[in-house]
Amino acid sequence: MTASTAMLSLEQTPPMAVPFRFFLTAPLFGIAACLLAGFTGPDILLSRWQPALLAVTHLFTLGYLAMVMCGAMFQLLPVLAGVQVVRNTALSAAVHLLLVAGTIALALAFVSARPVLFGVAIAALSAAVLLFIAIIGRALRRARSLHDTVWAMRLALFAFAVTLLFGAWLAAGHAGWGALLRRFTDLHLAWGLLGWGGVLLAGVAYQVVPMFQVTKEYPRWLRRVWGRAVIGLLSLASALLMGGLSSRSAGYGLAAAFVAFAIITLRLQQRRLRRLPDVTVDFWRLGLAAMILAALLWLLQPWLPPAWAARAELGWGVLAIIAAAVSLISGMLYKIVPFLVWLHLNNRLQAAGAWQGRIPHMKQVVGERWTRRHLRLHLTGSVLLLGAVLVPRWLFYPALLLLLAAFVVQLRNLLAAVLLYRRVAAQ
């Protein structure tokens, strides 16, 4: 372990079941999203407002991205902040169950347009998010650590609450229980993807990138300013848009913030102290490059003809959600999961006072070959899906097949880690 672990409270780590129930569920939603898109066909790309596309988008954002991030927070908060989550096994299981049920209900609601399903989705997802915020928020208030990741978690939690507010409002509109104000969809997406997802991912990167990728620390100014700037700009954009004004100026600031974060992270990785090949770094590089391209495409969109601007909106979604967010989270998982397996086996060794076998090191938990297979499938599928926005007839199904295979391989890799843990622990 590196010096980066010195400030961690490793003895506070929760049981493995707490984060792993979220981690193992996430690829299943990725698989479901690919299957639903394939069943709908290339027509799903006719418009961003296609009901099936809205369902697929939420299977990715709620079922995959939010699922992993909730599991990561249950795991990282006790370790980074030095505070235990009360009844974390039971409460995390409740959040997981509600999040799974709510995501499935919301996807079915979009596809079937049945108001009762929107009602079930609003109830389940609201309960999941509010319970999660209550649990994590209480723990954050008692946190002993002032680590920058802890501050990022607080900001991300606020963004998650705002995301829920806009999401419930829009879902009620889709159900016919009020006016459907589609102009607030972009705010819902921005608070969820940039505020909740972006700020939390950056906060985790402050710890994970130096610790696991053996780089220098992020600049102090970035760790102190970046998350607050993103939340401030999102608040400004919300105020402007709800007041009937253009929020483009705030959008320029958000684009600049994410480009800056991506460039700084890429430079840290380029100068990392350990130059051995690392597939998880390649996942991060893919995600960061897609983040930069998504920001540039958003800046270019107002200058495009209307037909091309509509394609650019879909292309932005592919870059931001599939190529950027899913790649970064995959790179994070392939470091966190092996570390957790090693840590829990090491804790069992110390508790027993003796060990007759040998603890596998982190690179043995998930094989490099299988991880790189996932990367290649995900990279090729993401590129083809981006091309399918322009040429859906030829590229749509090959892209989906590759992405489907990528999620299957990821699920296989995570299950292999769990089986390895159980096999070694049984010795």
# chains A, B, ... in the order shown; residues from 1 in each chain; ligands from 1

$ closest_atom_pairs --of "range 286-392 of chain A" --to "range 406-411 of chain A" --cutoff "9 Å" --atoms "only C-alpha atoms" --output "tab-separated table"
residue	atom	partner	partner_atom	distance
A:Ser330	CA	A:Gln410	CA	8.3
A:Trp370	CA	A:Val409	CA	7.4
A:Thr371	CA	A:Gln410	CA	7.7
A:Arg373	CA	A:Val409	CA	7.6
A:His374	CA	A:Ala406	CA	5.1
A:Leu375	CA	A:Ala406	CA	7.5
A:Arg376	CA	A:Ala406	CA	8.2
A:Leu377	CA	A:Ala406	CA	5.2
A:His378	CA	A:Ala406	CA	5.4
A:Gly381	CA	A:Ala406	CA	8.2

$ write_last_selection --atoms "C-alpha atoms" --output "JSON list (two decimals), in the first residue's frame"
[["chain", "number", "residue", "atom", "x", "y", "z"],
["A", 330, "SER", "CA", -15.30, 1.04, -14.81],
["A", 370, "TRP", "CA", -10.23, -10.04, -19.03],
["A", 371, "THR", "CA", -10.12, -6.40, -17.96],
["A", 373, "ARG", "CA", -11.16, -7.40, -23.13],
["A", 374, "HIS", "CA", -13.77, -5.28, -21.41],
["A", 375, "LEU", "CA", -11.91, -2.11, -22.36],
["A", 376, "ARG", "CA", -11.65, -3.08, -26.04],
["A", 377, "LEU", "CA", -15.31, -4.05, -26.28],
["A", 378, "HIS", "CA", -16.42, -0.87, -24.51],
["A", 381, "GLY", "CA", -18.89, -0.13, -28.93]]

$ select_by_dssp --residues "range 251-426 of chain A" --states "alpha helix (DSSP H)" --output "PyMOL selection string"
chain A and resi 251-270+279-300+306-317+327-352+362-365+368-388+392-426

$ write_last_selection --atoms "C-alpha atoms" --output "tab-separated table (two decimals), in the first residue's frame"
chain	number	residue	atom	x	y	z
A	251	GLY	CA	-22.79	26.41	-19.42
A	252	TYR	CA	-19.53	27.87	-20.74
A	253	GLY	CA	-18.17	27.85	-17.20
A	254	LEU	CA	-19.23	24.23	-16.65
A	255	ALA	CA	-17.63	23.14	-19.92
A	256	ALA	CA	-14.39	24.89	-18.95
A	257	ALA	CA	-14.44	23.31	-15.48
A	258	PHE	CA	-14.76	19.75	-16.80
A	259	VAL	CA	-12.16	20.29	-19.53
A	260	ALA	CA	-9.77	21.64	-16.90
A	261	PHE	CA	-10.35	18.64	-14.62
A	262	ALA	CA	-9.82	16.21	-17.50
A	263	ILE	CA	-6.60	17.88	-18.68
A	264	ILE	CA	-5.12	18.06	-15.17
A	265	THR	CA	-5.94	14.38	-14.54
A	266	LEU	CA	-4.42	13.34	-17.87
A	267	ARG	CA	-1.24	15.27	-17.03
A	268	LEU	CA	-1.02	13.61	-13.63
A	269	GLN	CA	-1.38	10.20	-15.26
A	270	GLN	CA	1.19	11.05	-17.93
A	279	VAL	CA	-5.58	-1.07	-18.11
A	280	THR	CA	-7.51	0.92	-15.49
A	281	VAL	CA	-5.52	4.01	-16.47
A	282	ASP	CA	-6.59	3.36	-20.07
A	283	PHE	CA	-10.23	3.33	-18.93
A	284	TRP	CA	-9.66	6.71	-17.31
A	285	ARG	CA	-7.92	8.12	-20.38
A	286	LEU	CA	-10.83	7.04	-22.57
A	287	GLY	CA	-13.33	8.61	-20.16
A	288	LEU	CA	-11.39	11.86	-19.82
A	289	ALA	CA	-10.91	12.19	-23.59
A	290	ALA	CA	-14.67	11.66	-24.06
A	291	MET	CA	-15.33	14.27	-21.37
A	292	ILE	CA	-13.30	16.83	-23.33
A	293	LEU	CA	-15.02	15.91	-26.62
A	294	ALA	CA	-18.46	16.18	-24.97
A	295	ALA	CA	-17.65	19.67	-23.71
A	296	LEU	CA	-16.39	20.77	-27.13
A	297	LEU	CA	-19.44	19.32	-28.88
A	298	TRP	CA	-21.73	21.21	-26.47
A	299	LEU	CA	-19.89	24.45	-27.25
A	300	LEU	CA	-20.17	23.79	-30.99
A	306	PRO	CA	-31.03	22.55	-36.64
A	307	ALA	CA	-30.87	19.01	-38.06
A	308	TRP	CA	-27.22	18.66	-37.10
A	309	ALA	CA	-27.84	20.23	-33.69
A	310	ALA	CA	-30.38	17.48	-32.93
A	311	ARG	CA	-27.77	14.85	-33.86
A	312	ALA	CA	-25.23	16.67	-31.71
A	313	GLU	CA	-27.54	16.38	-28.68
A	314	LEU	CA	-27.63	12.61	-29.10
A	315	GLY	CA	-23.88	12.50	-29.71
A	316	TRP	CA	-23.30	14.48	-26.52
A	317	GLY	CA	-25.31	11.90	-24.60
A	327	SER	CA	-15.54	4.35	-18.67
A	328	LEU	CA	-14.43	6.33	-15.61
A	329	ILE	CA	-16.59	4.28	-13.27
A	330	SER	CA	-15.30	1.04	-14.81
A	331	GLY	CA	-11.72	2.19	-14.27
A	332	MET	CA	-12.58	3.05	-10.67
A	333	LEU	CA	-14.30	-0.31	-10.06
A	334	TYR	CA	-11.31	-2.28	-11.31
A	335	LYS	CA	-9.19	-0.65	-8.61
A	336	ILE	CA	-11.70	-0.51	-5.74
A	337	VAL	CA	-12.96	-4.10	-6.09
A	338	PRO	CA	-9.50	-5.80	-5.99
A	339	PHE	CA	-8.50	-3.54	-3.10
A	340	LEU	CA	-11.62	-4.52	-1.14
A	341	VAL	CA	-10.98	-8.22	-1.74
A	342	TRP	CA	-7.39	-7.85	-0.55
A	343	LEU	CA	-8.43	-5.71	2.43
A	344	HIS	CA	-11.16	-8.06	3.67
A	345	LEU	CA	-8.92	-11.10	3.32
A	346	ASN	CA	-6.17	-9.28	5.19
A	347	ASN	CA	-8.65	-8.35	7.95
A	348	ARG	CA	-9.68	-12.00	8.24
A	349	LEU	CA	-6.01	-12.97	8.53
A	350	GLN	CA	-5.47	-10.53	11.39
A	351	ALA	CA	-8.67	-11.59	13.13
A	352	ALA	CA	-7.67	-15.25	12.97
A	362	MET	CA	-4.67	-7.01	-6.32
A	363	LYS	CA	-3.68	-7.89	-9.89
A	364	GLN	CA	-4.69	-11.50	-9.28
A	365	VAL	CA	-8.24	-10.62	-8.23
A	368	GLU	CA	-5.48	-8.18	-16.75
A	369	ARG	CA	-6.51	-10.08	-19.89
A	370	TRP	CA	-10.23	-10.04	-19.03
A	371	THR	CA	-10.12	-6.40	-17.96
A	372	ARG	CA	-8.50	-5.44	-21.24
A	373	ARG	CA	-11.16	-7.40	-23.13
A	374	HIS	CA	-13.77	-5.28	-21.41
A	375	LEU	CA	-11.91	-2.11	-22.36
A	376	ARG	CA	-11.65	-3.08	-26.04
A	377	LEU	CA	-15.31	-4.05	-26.28
A	378	HIS	CA	-16.42	-0.87	-24.51
A	379	LEU	CA	-14.16	1.40	-26.57
A	380	THR	CA	-15.22	-0.10	-29.91
A	381	GLY	CA	-18.89	-0.13	-28.93
A	382	SER	CA	-18.77	3.50	-27.79
A	383	VAL	CA	-17.13	4.64	-31.05
A	384	LEU	CA	-19.65	2.71	-33.15
A	385	LEU	CA	-22.58	4.05	-31.13
A	386	LEU	CA	-21.31	7.58	-31.68
A	387	GLY	CA	-21.19	6.79	-35.40
A	388	ALA	CA	-24.68	5.30	-35.22
A	392	PRO	CA	-27.94	4.27	-37.49
A	393	ARG	CA	-28.87	1.79	-40.21
A	394	TRP	CA	-25.36	0.29	-40.43
A	395	LEU	CA	-23.78	0.87	-37.02
A	396	PHE	CA	-26.60	0.68	-34.46
A	397	TYR	CA	-26.78	-3.08	-33.93
A	398	PRO	CA	-23.01	-3.75	-34.06
A	399	ALA	CA	-22.52	-1.01	-31.45
A	400	LEU	CA	-25.15	-2.50	-29.15
A	401	LEU	CA	-23.75	-6.02	-29.48
A	402	LEU	CA	-20.29	-4.82	-28.49
A	403	LEU	CA	-21.58	-2.79	-25.54
A	404	LEU	CA	-23.74	-5.71	-24.44
A	405	ALA	CA	-20.68	-7.97	-24.55
A	406	ALA	CA	-18.72	-5.36	-22.57
A	407	PHE	CA	-21.25	-5.35	-19.74
A	408	VAL	CA	-21.36	-9.16	-19.74
A	409	VAL	CA	-17.57	-9.29	-19.44
A	410	GLN	CA	-17.65	-6.72	-16.64
A	411	LEU	CA	-20.23	-8.77	-14.75
A	412	ARG	CA	-18.07	-11.85	-15.25
A	413	ASN	CA	-15.02	-10.01	-13.87
A	414	LEU	CA	-16.84	-8.76	-10.77
A	415	LEU	CA	-18.31	-12.21	-10.08
A	416	ALA	CA	-14.83	-13.71	-10.47
A	417	ALA	CA	-13.57	-11.35	-7.76
A	418	VAL	CA	-16.36	-12.40	-5.39
A	419	LEU	CA	-15.77	-16.11	-6.06
A	420	LEU	CA	-12.03	-15.68	-5.48
A	421	TYR	CA	-12.72	-14.00	-2.15
A	422	ARG	CA	-15.04	-16.79	-1.03
A	423	ARG	CA	-12.62	-19.49	-2.16
A	424	VAL	CA	-9.64	-18.00	-0.36
A	425	ALA	CA	-11.67	-17.06	2.73
A	426	ALA	CA	-12.92	-20.65	3.00

$ closest_atom_pairs --of "range 99-156 of chain A" --to "range 74-89 of chain A" --cutoff "12 Å" --atoms "only C-alpha atoms" --output "Markdown table"
| residue | atom | partner | partner_atom | distance |
| --- | --- | --- | --- | --- |
| A:Leu131 | CA | A:Asn88 | CA | 11.8 |
| A:Phe132 | CA | A:Phe74 | CA | 9.3 |
| A:Ile133 | CA | A:Phe74 | CA | 11.2 |
| A:Ala134 | CA | A:Val85 | CA | 10.7 |
| A:Ile135 | CA | A:Val85 | CA | 7.1 |
| A:Ile136 | CA | A:Val85 | CA | 7.4 |
| A:Gly137 | CA | A:Val85 | CA | 10.0 |
| A:Arg138 | CA | A:Val85 | CA | 8.4 |
| A:Ala139 | CA | A:Val85 | CA | 6.0 |
| A:Leu140 | CA | A:Ala81 | CA | 7.5 |
| A:Arg141 | CA | A:Val83 | CA | 9.6 |
| A:Arg142 | CA | A:Val83 | CA | 6.9 |
| A:Ala143 | CA | A:Ala81 | CA | 5.1 |
| A:Arg144 | CA | A:Ala81 | CA | 5.9 |
| A:Ser145 | CA | A:Ala81 | CA | 4.8 |
| A:Leu146 | CA | A:Ala81 | CA | 7.5 |
| A:His147 | CA | A:Leu80 | CA | 7.4 |
| A:Asp148 | CA | A:Leu80 | CA | 9.7 |
| A:Thr149 | CA | A:Leu80 | CA | 7.7 |
| A:Val150 | CA | A:Ala81 | CA | 6.6 |
| A:Trp151 | CA | A:Ala81 | CA | 10.0 |
| A:Ala152 | CA | A:Leu77 | CA | 11.2 |
| A:Met153 | CA | A:Leu77 | CA | 8.5 |
| A:Arg154 | CA | A:Leu77 | CA | 10.7 |

$ atom_distance --atom1 "CA of Ala52 in chain A" --atom2 "CA of Ala93 in chain A"
28.7 Å

$ atom_distance --atom1 "CA of Ala190 in chain A" --atom2 "CA of Ser247 in chain A"
11.9 Å

$ atom_distance --atom1 "CA of Ile359 in chain A" --atom2 "CA of Pro14 in chain A"
19.5 Å

$ closest_atom_pairs --of "range 56-153 of chain A" --to "range 173-182 of chain A" --cutoff "10 Å" --atoms "only C-alpha atoms" --output "Markdown table"
| residue | atom | partner | partner_atom | distance |
| --- | --- | --- | --- | --- |
| A:Ala109 | CA | A:Ala175 | CA | 8.6 |
| A:Phe110 | CA | A:His174 | CA | 8.2 |
| A:Ala113 | CA | A:Ala175 | CA | 7.3 |
| A:Arg114 | CA | A:Ala175 | CA | 7.1 |
| A:Pro115 | CA | A:Ala175 | CA | 4.5 |
| A:Val116 | CA | A:Ala175 | CA | 7.8 |
| A:Leu117 | CA | A:Ala175 | CA | 8.5 |
| A:Phe118 | CA | A:Ala175 | CA | 6.0 |
| A:Gly119 | CA | A:Ala175 | CA | 7.7 |

$ closest_residue --among "A:Ser235, A:Met69, A:Ala172, A:Ala123" --to "Ala202 in chain A" --atoms "only C-alpha atoms"
A:Met69

$ residues_around --residues "Leu125 in chain A" --least-positions-apart "5" --cutoff "8 Å" --atoms "only C-alpha atoms" --output "VMD selection string"
chain A and resid 98 to 99 101 to 103

$ write_last_selection --atoms "C-alpha atoms" --output "mmCIF file, in the first residue's frame"
data_model
loop_
_atom_site.group_PDB
_atom_site.id
_atom_site.type_symbol
_atom_site.label_atom_id
_atom_site.label_comp_id
_atom_site.auth_asym_id
_atom_site.auth_seq_id
_atom_site.Cartn_x
_atom_site.Cartn_y
_atom_site.Cartn_z
ATOM 1 C CA LEU A 98 -35.774 0.738 -3.669
ATOM 2 C CA LEU A 99 -33.320 1.947 -6.311
ATOM 3 C CA ALA A 101 -37.477 -1.242 -8.094
ATOM 4 C CA GLY A 102 -37.733 2.458 -8.921
ATOM 5 C CA THR A 103 -35.413 2.228 -11.926
#

$ residues_around --residues "range 209-216 of chain A" --least-positions-apart "3" --cutoff "6 Å" --atoms "only C-alpha atoms" --output "list in words"
Ser4, Ala205, Leu268, Arg272 and Leu273 of chain A

$ closest_residue --among "A:Val111, A:Met16, A:Val326, A:Ala229" --to "Met67 in chain A" --atoms "only C-alpha atoms"
A:Val326

$ decode --residues "range 326-353 of chain A" --atoms "N, CA and C atoms" --output "short mmCIF file (atom, residue, chain, number, x, y, z; two decimals), in the first residue's frame"
data_model
loop_
_atom_site.label_atom_id
_atom_site.label_comp_id
_atom_site.auth_asym_id
_atom_site.auth_seq_id
_atom_site.Cartn_x
_atom_site.Cartn_y
_atom_site.Cartn_z
N VAL A 326 -19.36 5.95 -17.92
CA VAL A 326 -19.25 4.50 -17.75
C VAL A 326 -17.78 4.07 -17.77
N SER A 327 -16.96 4.70 -18.61
CA SER A 327 -15.54 4.35 -18.67
C SER A 327 -14.84 4.70 -17.36
N LEU A 328 -15.08 5.90 -16.85
CA LEU A 328 -14.43 6.33 -15.61
C LEU A 328 -14.84 5.45 -14.44
N ILE A 329 -16.12 5.12 -14.37
CA ILE A 329 -16.59 4.28 -13.27
C ILE A 329 -16.03 2.86 -13.40
N SER A 330 -15.90 2.36 -14.62
CA SER A 330 -15.30 1.04 -14.81
C SER A 330 -13.85 1.04 -14.36
N GLY A 331 -13.10 2.09 -14.73
CA GLY A 331 -11.72 2.19 -14.27
C GLY A 331 -11.61 2.26 -12.76
N MET A 332 -12.56 2.96 -12.12
CA MET A 332 -12.58 3.05 -10.67
C MET A 332 -12.90 1.69 -10.05
N LEU A 333 -13.90 0.99 -10.60
CA LEU A 333 -14.30 -0.31 -10.06
C LEU A 333 -13.15 -1.31 -10.09
N TYR A 334 -12.38 -1.29 -11.17
CA TYR A 334 -11.31 -2.28 -11.31
C TYR A 334 -10.13 -2.00 -10.38
N LYS A 335 -10.16 -0.89 -9.68
CA LYS A 335 -9.19 -0.65 -8.61
C LYS A 335 -9.82 -0.88 -7.24
N ILE A 336 -11.05 -0.40 -7.06
CA ILE A 336 -11.70 -0.51 -5.74
C ILE A 336 -12.01 -1.97 -5.41
N VAL A 337 -12.55 -2.72 -6.37
CA VAL A 337 -12.96 -4.10 -6.09
C VAL A 337 -11.76 -4.98 -5.70
N PRO A 338 -10.65 -5.00 -6.45
CA PRO A 338 -9.50 -5.80 -5.99
C PRO A 338 -8.96 -5.35 -4.64
N PHE A 339 -8.97 -4.03 -4.39
CA PHE A 339 -8.50 -3.54 -3.10
C PHE A 339 -9.39 -4.05 -1.97
N LEU A 340 -10.71 -4.05 -2.18
CA LEU A 340 -11.62 -4.52 -1.14
C LEU A 340 -11.43 -6.01 -0.88
N VAL A 341 -11.23 -6.80 -1.94
CA VAL A 341 -10.98 -8.22 -1.74
C VAL A 341 -9.72 -8.43 -0.93
N TRP A 342 -8.65 -7.74 -1.31
CA TRP A 342 -7.39 -7.85 -0.55
C TRP A 342 -7.58 -7.40 0.89
N LEU A 343 -8.27 -6.27 1.09
CA LEU A 343 -8.43 -5.71 2.43
C LEU A 343 -9.22 -6.64 3.33
N HIS A 344 -10.33 -7.20 2.83
CA HIS A 344 -11.16 -8.06 3.67
C HIS A 344 -10.45 -9.38 3.98
N LEU A 345 -9.69 -9.90 3.02
CA LEU A 345 -8.92 -11.10 3.32
C LEU A 345 -7.83 -10.81 4.34
N ASN A 346 -7.19 -9.67 4.22
CA ASN A 346 -6.17 -9.28 5.19
C ASN A 346 -6.78 -9.10 6.59
N ASN A 347 -7.98 -8.51 6.65
CA ASN A 347 -8.65 -8.35 7.95
C ASN A 347 -8.98 -9.70 8.57
N ARG A 348 -9.38 -10.66 7.73
CA ARG A 348 -9.68 -12.00 8.24
C ARG A 348 -8.40 -12.66 8.77
N LEU A 349 -7.29 -12.43 8.08
CA LEU A 349 -6.01 -12.97 8.53
C LEU A 349 -5.68 -12.44 9.91
N GLN A 350 -5.80 -11.13 10.10
CA GLN A 350 -5.47 -10.53 11.39
C GLN A 350 -6.42 -10.98 12.48
N ALA A 351 -7.69 -11.15 12.12
CA ALA A 351 -8.67 -11.59 13.13
C ALA A 351 -8.39 -13.01 13.57
N ALA A 352 -7.93 -13.86 12.65
CA ALA A 352 -7.67 -15.25 12.97
C ALA A 352 -6.35 -15.43 13.70
N GLY A 353 -5.42 -14.50 13.51
CA GLY A 353 -4.13 -14.60 14.16
C GLY A 353 -3.17 -15.54 13.46
#
